[in-house]
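Here the structure comes first, spelled out in structure tokens, and everything after it is commentary.
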Amino acid sequence: MSVSDNHILVERPEAQPGVMVIRFNRPEKKNAITSAMYNRMTAALEEANRDDAVRAVAFLGTEGCFSAGNDMGDFLAYAMSGSTEAPAAAVFIKALALAEKPLVSGVDGLAIGIGTTLNMHCDLTVASARSVFKTPFVDLALVPEAASSLLAPKSIGHQRAFAMLVAGEGFSAQAALDAGLIWKIVEPQAVEAETLALAASLASKPPQALKIARDLVRGPREAVLARIDEELVHFSAQLKSAEARAAFEAFMRR
């Protein structure tokens with residue numbers, strides 16, 4: 001098993017037939033996501049699309065931390081490499097947008113950057129009361145990603161979206177619930193069980209009716225994919241900018 005396989009666990013719990021679990025498992029780094037981890041999650045989502053036995057996908061983290069977002073060392077290495085290839089994060093984000101099975105997530109604690117925007121692609125998110133949702137993109141001289149600049153204003157309104165994505169304000173679990181960013185707040189010890197129960201409930205429903213209903217609620221994906229591409233142009237340029245490099249290096253010195 002590779003390091004990335006250890007850092008991203010892909011499971012099919014016997015107690016929840018039809019459910020695939022994608023679990024962040026790098027607690028020593030607050031589940032910060034590397035390129036290898038993104039590749040592993042992309043492969044899992046593509047597998048779920050192909051496999052009729054998978055009817056719902058659940059994202060989970062570790063105790064006290066969903067994900068601290070991108071691994072800054074990994075991102076800095078990419079920025080300095082001069083690579084013209086799309087970052088692994090961008091490939092994963094498109095896989096999220098194109099996921100054909102319902103997505104649920106369980107957040108306990110930190111949900112930073114992609115740790116927040118990932119949930120905007122989920123159909124149901126459960127969070128503990130101690131969870132914090134924060135996207136410090138501009139503080140790192142970057143821009144919103146994962147089509148969050150489209151999805152957030154539509155779901156939580158301009159003012160809240162601006163506060164989160166541009167001003168970098170953190171949202172408590174209660175603020176996220178009030179904004180409609182998450183579905184339910186539970187006790188920390190109940191996050192995983194509640195998330196898996198929701199996923200299992202979805203997996204038990206008639207699959208074709210579930211797919212049609214989900215597609216109707218989510219609407220066409222073309223606009224989401226187009227916004228992902230638009231964001232990526234700016235994100236990639238900023239990622240290689242002098243101001244981003246300075247922000248990353250300052251972050252690494254903390």
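Order determines the names: the first chain of the structure tokens is A, the second B, and so forth; residues in each chain are numbered 1 upward, and ligands are numbered 1 upward as they are shown.
Residues of segment 13-113 of chain A that DSSP, applied to the backbone, places in strand (DSSP E): Val19, Met20, Val21, Ile22, Arg23, Phe24, Ala56, Val57, Ala58, Phe59, Leu60, Cys65, Phe66, Ser67, Leu103, Val104, Ser105, Gly106, Val107, Leu110, Ala111 and Ile112 of chain A.
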Exercise for the section: Enumerate the residues of segment 29-246 of chain A with a DSSP assignment of helix (DSSP H, G or I), computed from the backbone, and present them as a VMD selection string. Expected result: chain A and resid 29 35 to 50 72 to 81 88 to 97 114 to 121 138 to 140 148 to 156 158 to 165 173 to 179 188 to 203 207 to 218 222 to 239 242 to 246
Exercise for the section: Check the smallest atom-to-atom distance from each of A:Arg12, A:Arg218, A:Lys134, A:His7 to Asn31 of chain A using only C-alpha atoms, then report the winner. Expected result: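 With only C-alpha atoms as the atom set, the closest residue is A:His7.
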Practice task
Name all residues at most 12 Å from Ala36 of chain A (count only C-alpha atoms; drop same-chain ones fewer than 6 positions away) and give them as number ranges by chain.
Solution key: A: 2-8, 42-43, 70-71, 74-75, 87-89, 91-92
Generate the output file for the selected residues, all heavy atoms, as a CSV table (one decimal), in the first residue's frame.
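The resulting file, out.csv, is shown below:
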chain,number,residue,atom,x,y,z
A,2,SER,N,0.6,2.2,-0.9
A,2,SER,CA,1.4,3.4,-1.0
A,2,SER,C,1.0,4.4,0.1
A,2,SER,O,0.1,4.2,0.8
A,2,SER,CB,1.1,4.1,-2.3
A,2,SER,OG,-0.2,4.6,-2.4
A,3,VAL,N,1.9,5.4,0.2
A,3,VAL,CA,1.6,6.4,1.3
A,3,VAL,C,0.3,7.1,1.0
A,3,VAL,O,-0.5,7.3,2.0
A,3,VAL,CB,2.7,7.5,1.3
A,3,VAL,CG1,2.4,8.7,2.2
A,3,VAL,CG2,4.1,6.9,1.7
A,4,SER,N,0.0,7.4,-0.2
A,4,SER,CA,-1.3,8.0,-0.5
A,4,SER,C,-2.5,7.1,-0.2
A,4,SER,O,-3.6,7.6,0.2
A,4,SER,CB,-1.4,8.5,-2.0
A,4,SER,OG,-1.3,7.3,-2.8
A,5,ASP,N,-2.3,5.8,-0.3
A,5,ASP,CA,-3.3,4.9,0.0
A,5,ASP,C,-3.6,4.9,1.5
A,5,ASP,O,-4.7,4.7,2.0
A,5,ASP,CB,-3.0,3.5,-0.4
A,5,ASP,CG,-3.0,3.3,-1.9
A,5,ASP,OD1,-3.6,4.2,-2.6
A,5,ASP,OD2,-2.5,2.3,-2.4
A,6,ASN,N,-2.5,5.1,2.3
A,6,ASN,CA,-2.7,5.2,3.8
A,6,ASN,C,-3.3,6.6,4.2
A,6,ASN,O,-4.1,6.6,5.1
A,6,ASN,CB,-1.3,5.1,4.5
A,6,ASN,CG,-0.8,3.7,4.5
A,6,ASN,OD1,-1.5,2.8,4.6
A,6,ASN,ND2,0.6,3.6,4.4
A,7,HIS,N,-3.0,7.6,3.4
A,7,HIS,CA,-3.6,8.9,3.7
A,7,HIS,C,-5.0,9.1,3.3
A,7,HIS,O,-5.7,10.0,3.8
A,7,HIS,CB,-2.7,10.0,3.1
A,7,HIS,CG,-1.3,10.1,3.8
A,7,HIS,ND1,-0.3,10.7,3.2
A,7,HIS,CD2,-0.9,9.7,5.0
A,7,HIS,CE1,0.8,10.7,4.1
A,7,HIS,NE2,0.4,10.0,5.1
A,8,ILE,N,-5.4,8.4,2.3
A,8,ILE,CA,-6.8,8.3,1.8
A,8,ILE,C,-7.3,6.9,1.9
A,8,ILE,O,-6.8,6.0,1.1
A,8,ILE,CB,-7.0,8.9,0.4
A,8,ILE,CG1,-6.6,10.4,0.3
A,8,ILE,CG2,-8.4,8.6,-0.1
A,8,ILE,CD1,-7.6,11.3,1.1
A,42,THR,N,-9.8,11.0,-6.7
A,42,THR,CA,-10.3,11.0,-8.1
A,42,THR,C,-10.6,9.6,-8.6
A,42,THR,O,-11.7,9.3,-9.1
A,42,THR,CB,-9.4,11.7,-9.0
A,42,THR,OG1,-9.2,13.1,-8.6
A,42,THR,CG2,-9.9,11.7,-10.5
A,43,ALA,N,-9.7,8.7,-8.4
A,43,ALA,CA,-9.8,7.3,-8.8
A,43,ALA,C,-11.0,6.7,-8.1
A,43,ALA,O,-11.8,5.9,-8.7
A,43,ALA,CB,-8.5,6.5,-8.5
A,70,ASN,N,-5.3,22.2,1.2
A,70,ASN,CA,-4.1,21.8,0.4
A,70,ASN,C,-2.9,21.8,1.3
A,70,ASN,O,-2.7,22.7,2.1
A,70,ASN,CB,-3.9,22.8,-0.8
A,70,ASN,CG,-5.0,22.6,-1.8
A,70,ASN,OD1,-5.2,21.6,-2.4
A,70,ASN,ND2,-5.7,23.7,-2.1
A,71,ASP,N,-2.1,20.8,1.0
A,71,ASP,CA,-0.7,20.7,1.7
A,71,ASP,C,0.1,21.8,1.1
A,71,ASP,O,0.4,21.9,-0.1
A,71,ASP,CB,-0.1,19.4,1.4
A,71,ASP,CG,1.2,19.2,2.1
A,71,ASP,OD1,2.2,19.9,1.6
A,71,ASP,OD2,1.4,18.4,3.0
A,74,ASP,N,3.3,20.9,-0.7
A,74,ASP,CA,3.0,20.3,-2.0
A,74,ASP,C,2.7,21.4,-3.0
A,74,ASP,O,3.1,21.3,-4.2
A,74,ASP,CB,1.9,19.3,-1.8
A,74,ASP,CG,1.6,18.4,-3.0
A,74,ASP,OD1,2.3,17.4,-3.2
A,74,ASP,OD2,0.8,18.8,-3.9
A,75,PHE,N,1.9,22.3,-2.6
A,75,PHE,CA,1.4,23.4,-3.5
A,75,PHE,C,2.6,24.3,-3.9
A,75,PHE,O,2.7,24.7,-5.1
A,75,PHE,CB,0.3,24.2,-2.9
A,75,PHE,CG,-1.0,24.1,-3.6
A,75,PHE,CD1,-1.4,22.9,-4.1
A,75,PHE,CD2,-1.8,25.2,-3.7
A,75,PHE,CE1,-2.6,22.8,-4.7
A,75,PHE,CE2,-3.0,25.1,-4.4
A,75,PHE,CZ,-3.4,23.9,-4.9
A,87,PRO,N,-3.3,21.1,-11.9
A,87,PRO,CA,-3.0,20.5,-10.6
A,87,PRO,C,-3.9,19.3,-10.4
A,87,PRO,O,-5.1,19.3,-10.9
A,87,PRO,CB,-3.3,21.6,-9.6
A,87,PRO,CG,-3.3,22.9,-10.4
A,87,PRO,CD,-3.7,22.5,-11.8
A,88,ALA,N,-3.4,18.3,-9.6
A,88,ALA,CA,-4.3,17.2,-9.3
A,88,ALA,C,-5.6,17.6,-8.6
A,88,ALA,O,-6.6,16.9,-8.7
A,88,ALA,CB,-3.5,16.2,-8.4
A,89,ALA,N,-5.5,18.7,-7.9
A,89,ALA,CA,-6.7,19.2,-7.2
A,89,ALA,C,-7.8,19.6,-8.2
A,89,ALA,O,-9.0,19.3,-7.9
A,89,ALA,CB,-6.3,20.5,-6.3
A,91,VAL,N,-8.3,18.3,-11.2
A,91,VAL,CA,-8.9,17.0,-11.7
A,91,VAL,C,-9.9,16.4,-10.7
A,91,VAL,O,-10.9,16.0,-11.1
A,91,VAL,CB,-7.7,16.0,-12.0
A,91,VAL,CG1,-8.3,14.7,-12.6
A,91,VAL,CG2,-6.7,16.6,-13.0
A,92,PHE,N,-9.5,16.5,-9.4
A,92,PHE,CA,-10.4,16.0,-8.4
A,92,PHE,C,-11.7,16.8,-8.3
A,92,PHE,O,-12.8,16.2,-8.2
A,92,PHE,CB,-9.7,16.0,-7.0
A,92,PHE,CG,-10.6,15.8,-5.9
A,92,PHE,CD1,-11.3,14.5,-5.7
A,92,PHE,CD2,-10.9,16.8,-5.0
A,92,PHE,CE1,-12.1,14.4,-4.6
A,92,PHE,CE2,-11.8,16.6,-4.0
A,92,PHE,CZ,-12.4,15.4,-3.8
Fill in the blank from the handout: Using only C-alpha atoms, the shortest atom-to-atom distance to Ala32 of chain A among A:Leu142, A:Met72, A:Ala15, A:Leu9 belongs to A:Met72
Output as JSON lines one row per residue of segment 36-130 of chain A within 12 Å of segment 173-183 of chain A: the closest atom pair and its distance in Å to one decimal place, counting only C-alpha atoms, sorted by chain and residue number ascending.
{"residue": "A:Val104", "atom": "CA", "partner": "A:Trp183", "partner_atom": "CA", "distance": 9.9}
{"residue": "A:Ser105", "atom": "CA", "partner": "A:Ile182", "partner_atom": "CA", "distance": 9.3}
{"residue": "A:Gly106", "atom": "CA", "partner": "A:Ile182", "partner_atom": "CA", "distance": 9.7}
{"residue": "A:Val107", "atom": "CA", "partner": "A:Ala173", "partner_atom": "CA", "distance": 9.4}
{"residue": "A:Asp108", "atom": "CA", "partner": "A:Ala173", "partner_atom": "CA", "distance": 9.5}
{"residue": "A:Gly109", "atom": "CA", "partner": "A:Ala173", "partner_atom": "CA", "distance": 9.2}
{"residue": "A:Leu110", "atom": "CA", "partner": "A:Ala173", "partner_atom": "CA", "distance": 10.4}
{"residue": "A:Ala111", "atom": "CA", "partner": "A:Ala173", "partner_atom": "CA", "distance": 10.3}
{"residue": "A:Thr116", "atom": "CA", "partner": "A:Leu181", "partner_atom": "CA", "distance": 9.3}
{"residue": "A:Thr117", "atom": "CA", "partner": "A:Leu181", "partner_atom": "CA", "distance": 9.7}
{"residue": "A:Leu118", "atom": "CA", "partner": "A:Leu181", "partner_atom": "CA", "distance": 11.0}
{"residue": "A:Asn119", "atom": "CA", "partner": "A:Ile182", "partner_atom": "CA", "distance": 7.8}
{"residue": "A:Met120", "atom": "CA", "partner": "A:Leu181", "partner_atom": "CA", "distance": 7.0}
{"residue": "A:His121", "atom": "CA", "partner": "A:Leu181", "partner_atom": "CA", "distance": 10.3}
{"residue": "A:Cys122", "atom": "CA", "partner": "A:Ile182", "partner_atom": "CA", "distance": 9.1}
{"residue": "A:Asp123", "atom": "CA", "partner": "A:Trp183", "partner_atom": "CA", "distance": 8.8}
{"residue": "A:Leu124", "atom": "CA", "partner": "A:Trp183", "partner_atom": "CA", "distance": 5.7}
{"residue": "A:Thr125", "atom": "CA", "partner": "A:Ile182", "partner_atom": "CA", "distance": 5.0}
{"residue": "A:Val126", "atom": "CA", "partner": "A:Trp183", "partner_atom": "CA", "distance": 5.9}
{"residue": "A:Ala127", "atom": "CA", "partner": "A:Ala173", "partner_atom": "CA", "distance": 6.6}
{"residue": "A:Ser128", "atom": "CA", "partner": "A:Ala173", "partner_atom": "CA", "distance": 6.9}
{"residue": "A:Ala129", "atom": "CA", "partner": "A:Ala173", "partner_atom": "CA", "distance": 5.4}
{"residue": "A:Arg130", "atom": "CA", "partner": "A:Ala173", "partner_atom": "CA", "distance": 6.8}
Problem - Which residue of A:Ala68, A:Ala242, A:Ala95, A:Leu151 approaches Gly113 of chain A most closely, using only C-alpha atoms - result: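 Checking each candidate against Gly113 of chain A, we get A:Ala68 as the closest.
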Practice task
Could you give me, as a list in words, the residues within 12 Å of Leu150 of chain A, counting only C-alpha atoms and dropping anything in the same chain fewer than 2 positions from it?
Solution key: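 Using only C-alpha atoms, the neighbours found are Thr117, Met120, His121, Pro144, Glu145, Ala146, Ala147, Ser148, Ala152, Pro153, Lys154, Ser155, Ile156, Gly157, His158, Ala161, Phe162, Leu165, Arg221, Glu222, Ala223, Val224, Leu225, Ala226, Arg227, Ile228, Asp229, Glu230 and Glu231 of chain A.
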With N, CA, C and O atoms kept, could you save the residues just selected as a compact mmCIF listing (two decimals), in the first residue's frame?
# COMPACT_ATOMS: atom_id res chain seq x y z
N THR A 117 -14.98 23.84 0.56
CA THR A 117 -15.64 23.88 -0.75
C THR A 117 -16.05 22.49 -1.24
O THR A 117 -17.00 22.37 -2.01
N MET A 120 -19.64 21.86 -0.71
CA MET A 120 -20.60 22.52 -1.59
C MET A 120 -21.05 21.61 -2.73
O MET A 120 -22.06 21.87 -3.37
N HIS A 121 -20.28 20.56 -2.97
CA HIS A 121 -20.65 19.57 -3.99
C HIS A 121 -21.39 18.39 -3.38
O HIS A 121 -21.85 17.51 -4.13
N PRO A 144 -10.96 31.85 -5.18
CA PRO A 144 -11.83 30.70 -4.91
C PRO A 144 -11.69 29.60 -5.96
O PRO A 144 -11.35 29.86 -7.12
N GLU A 145 -11.95 28.35 -5.55
CA GLU A 145 -11.86 27.19 -6.43
C GLU A 145 -13.09 26.30 -6.23
O GLU A 145 -13.98 26.63 -5.46
N ALA A 146 -13.10 25.19 -6.97
CA ALA A 146 -14.17 24.18 -6.88
C ALA A 146 -15.54 24.75 -7.24
O ALA A 146 -16.56 24.28 -6.74
N ALA A 147 -15.55 25.76 -8.10
CA ALA A 147 -16.79 26.44 -8.49
C ALA A 147 -17.49 27.09 -7.31
O ALA A 147 -18.66 27.46 -7.38
N SER A 148 -16.74 27.30 -6.22
CA SER A 148 -17.35 27.91 -5.03
C SER A 148 -17.81 29.33 -5.31
O SER A 148 -18.76 29.81 -4.69
N ALA A 152 -21.48 29.07 -3.95
CA ALA A 152 -21.73 29.72 -2.66
C ALA A 152 -22.73 30.86 -2.76
O ALA A 152 -23.69 30.91 -1.98
N PRO A 153 -22.59 31.82 -3.69
CA PRO A 153 -23.59 32.88 -3.77
C PRO A 153 -25.00 32.35 -4.04
O PRO A 153 -25.98 32.89 -3.53
N LYS A 154 -25.10 31.28 -4.85
CA LYS A 154 -26.41 30.71 -5.14
C LYS A 154 -27.05 30.09 -3.91
O LYS A 154 -28.27 30.16 -3.72
N SER A 155 -26.23 29.47 -3.06
CA SER A 155 -26.79 28.73 -1.93
C SER A 155 -26.86 29.55 -0.64
O SER A 155 -27.78 29.38 0.15
N ILE A 156 -25.90 30.46 -0.43
CA ILE A 156 -25.89 31.18 0.85
C ILE A 156 -26.00 32.70 0.68
O ILE A 156 -26.00 33.43 1.66
N GLY A 157 -26.10 33.19 -0.57
CA GLY A 157 -26.25 34.62 -0.81
C GLY A 157 -24.93 35.33 -0.96
O GLY A 157 -23.88 34.85 -0.52
N HIS A 158 -24.98 36.51 -1.59
CA HIS A 158 -23.75 37.25 -1.91
C HIS A 158 -22.97 37.64 -0.65
O HIS A 158 -21.74 37.46 -0.59
N ALA A 161 -21.35 34.68 1.04
CA ALA A 161 -20.34 34.12 0.15
C ALA A 161 -19.11 35.02 0.09
O ALA A 161 -17.97 34.55 0.11
N PHE A 162 -19.33 36.33 0.03
CA PHE A 162 -18.21 37.26 0.00
C PHE A 162 -17.42 37.19 1.31
O PHE A 162 -16.19 37.17 1.31
N LEU A 165 -15.52 33.64 1.05
CA LEU A 165 -14.58 33.38 -0.04
C LEU A 165 -13.59 34.51 -0.28
O LEU A 165 -12.48 34.27 -0.77
N ARG A 221 -24.83 20.62 -15.17
CA ARG A 221 -23.49 20.78 -14.61
C ARG A 221 -22.58 21.64 -15.48
O ARG A 221 -21.44 21.94 -15.08
N GLU A 222 -23.06 22.01 -16.65
CA GLU A 222 -22.20 22.75 -17.57
C GLU A 222 -21.69 24.06 -16.96
O GLU A 222 -20.51 24.41 -17.11
N ALA A 223 -22.57 24.77 -16.27
CA ALA A 223 -22.16 26.04 -15.68
C ALA A 223 -21.12 25.83 -14.57
O ALA A 223 -20.19 26.62 -14.42
N VAL A 224 -21.29 24.75 -13.81
CA VAL A 224 -20.34 24.43 -12.74
C VAL A 224 -18.98 24.11 -13.33
O VAL A 224 -17.94 24.61 -12.88
N LEU A 225 -18.96 23.27 -14.37
CA LEU A 225 -17.70 22.89 -15.01
C LEU A 225 -17.02 24.11 -15.65
O LEU A 225 -15.79 24.26 -15.58
N ALA A 226 -17.83 24.98 -16.26
CA ALA A 226 -17.27 26.19 -16.87
C ALA A 226 -16.66 27.10 -15.81
O ALA A 226 -15.59 27.69 -16.03
N ARG A 227 -17.31 27.22 -14.65
CA ARG A 227 -16.76 28.06 -13.59
C ARG A 227 -15.49 27.44 -13.00
O ARG A 227 -14.55 28.17 -12.65
N ILE A 228 -15.45 26.12 -12.90
CA ILE A 228 -14.22 25.46 -12.44
C ILE A 228 -13.06 25.83 -13.36
O ILE A 228 -11.96 26.17 -12.90
N ASP A 229 -13.30 25.78 -14.67
CA ASP A 229 -12.25 26.13 -15.63
C ASP A 229 -11.86 27.60 -15.52
O ASP A 229 -10.67 27.95 -15.58
N GLU A 230 -12.85 28.47 -15.35
CA GLU A 230 -12.58 29.91 -15.24
C GLU A 230 -11.76 30.20 -13.98
O GLU A 230 -10.78 30.96 -14.03
N GLU A 231 -12.16 29.60 -12.87
CA GLU A 231 -11.41 29.78 -11.63
C GLU A 231 -9.98 29.27 -11.78
O GLU A 231 -9.04 29.87 -11.26
Exercise for the section: Identify which of the residues A:Leu239, A:Leu140, A:Ala200, A:Ala213 lies closest to Gly18 of chain A, counting only C-alpha atoms when measuring atom-to-atom distances. Expected result: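 The answer is A:Ala200, which sits nearest to Gly18 of chain A.
For Ala58 of chain A, the list of residues within 8 Å, based on only C-alpha atoms and with local chain neighbours fewer than 4 positions off taken out, reads Val19, Met20, Val21, Ile22, Leu103, Val104, Ser105, Gly106, Thr195, Leu196 and Ala199 of chain A.
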Selection above as a file: all heavy atoms, as a short mmCIF file (atom, residue, chain, number, x, y, z; two decimals), in the first residue's frame:
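File written: part_28.cif
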data_model
loop_
_atom_site.label_atom_id
_atom_site.label_comp_id
_atom_site.auth_asym_id
_atom_site.auth_seq_id
_atom_site.Cartn_x
_atom_site.Cartn_y
_atom_site.Cartn_z
N VAL A 19 -22.52 1.67 0.09
CA VAL A 19 -21.83 2.91 0.45
C VAL A 19 -20.32 2.77 0.26
O VAL A 19 -19.73 1.79 0.70
CB VAL A 19 -22.12 3.31 1.92
CG1 VAL A 19 -21.30 4.54 2.32
CG2 VAL A 19 -23.61 3.57 2.11
N MET A 20 -19.72 3.74 -0.40
CA MET A 20 -18.27 3.86 -0.46
C MET A 20 -17.86 5.01 0.44
O MET A 20 -18.42 6.10 0.35
CB MET A 20 -17.78 4.13 -1.89
CG MET A 20 -16.28 4.43 -1.97
SD MET A 20 -15.72 4.94 -3.63
CE MET A 20 -15.65 3.33 -4.45
N VAL A 21 -16.88 4.77 1.29
CA VAL A 21 -16.35 5.80 2.19
C VAL A 21 -14.99 6.24 1.67
O VAL A 21 -14.12 5.40 1.41
CB VAL A 21 -16.23 5.30 3.63
CG1 VAL A 21 -15.57 6.37 4.52
CG2 VAL A 21 -17.59 4.91 4.19
N ILE A 22 -14.80 7.54 1.52
CA ILE A 22 -13.50 8.13 1.20
C ILE A 22 -13.09 8.91 2.45
O ILE A 22 -13.72 9.90 2.81
CB ILE A 22 -13.57 9.05 -0.02
CG1 ILE A 22 -14.04 8.27 -1.26
CG2 ILE A 22 -12.21 9.70 -0.28
CD1 ILE A 22 -14.24 9.12 -2.50
N LEU A 103 -23.51 12.31 -2.84
CA LEU A 103 -22.33 12.55 -2.01
C LEU A 103 -22.78 13.10 -0.66
O LEU A 103 -23.54 14.07 -0.61
CB LEU A 103 -21.40 13.57 -2.67
CG LEU A 103 -20.88 13.25 -4.08
CD1 LEU A 103 -20.06 14.43 -4.61
CD2 LEU A 103 -20.04 11.98 -4.08
N VAL A 104 -22.30 12.50 0.42
CA VAL A 104 -22.56 13.03 1.75
C VAL A 104 -21.20 13.23 2.43
O VAL A 104 -20.20 12.62 2.05
CB VAL A 104 -23.46 12.10 2.60
CG1 VAL A 104 -24.80 11.88 1.91
CG2 VAL A 104 -22.79 10.76 2.85
N SER A 105 -21.16 14.10 3.41
CA SER A 105 -19.91 14.35 4.13
C SER A 105 -20.18 14.52 5.61
O SER A 105 -21.24 14.99 6.01
CB SER A 105 -19.19 15.59 3.56
OG SER A 105 -20.05 16.72 3.54
N GLY A 106 -19.18 14.14 6.38
CA GLY A 106 -19.23 14.28 7.83
C GLY A 106 -18.04 15.08 8.30
O GLY A 106 -16.90 14.64 8.14
N THR A 195 -23.46 10.32 9.42
CA THR A 195 -23.10 10.44 8.00
C THR A 195 -23.31 9.12 7.28
O THR A 195 -23.89 9.07 6.18
CB THR A 195 -21.64 10.89 7.86
OG1 THR A 195 -21.46 12.13 8.54
CG2 THR A 195 -21.25 11.06 6.40
N LEU A 196 -22.85 8.04 7.88
CA LEU A 196 -23.01 6.73 7.26
C LEU A 196 -24.47 6.31 7.21
O LEU A 196 -24.90 5.66 6.24
CB LEU A 196 -22.18 5.69 8.02
CG LEU A 196 -20.66 5.86 7.92
CD1 LEU A 196 -19.94 4.82 8.74
CD2 LEU A 196 -20.20 5.79 6.47
N ALA A 199 -25.92 8.10 4.24
CA ALA A 199 -25.45 7.47 3.01
C ALA A 199 -26.15 6.15 2.77
O ALA A 199 -26.57 5.84 1.64
CB ALA A 199 -23.94 7.27 3.06
#
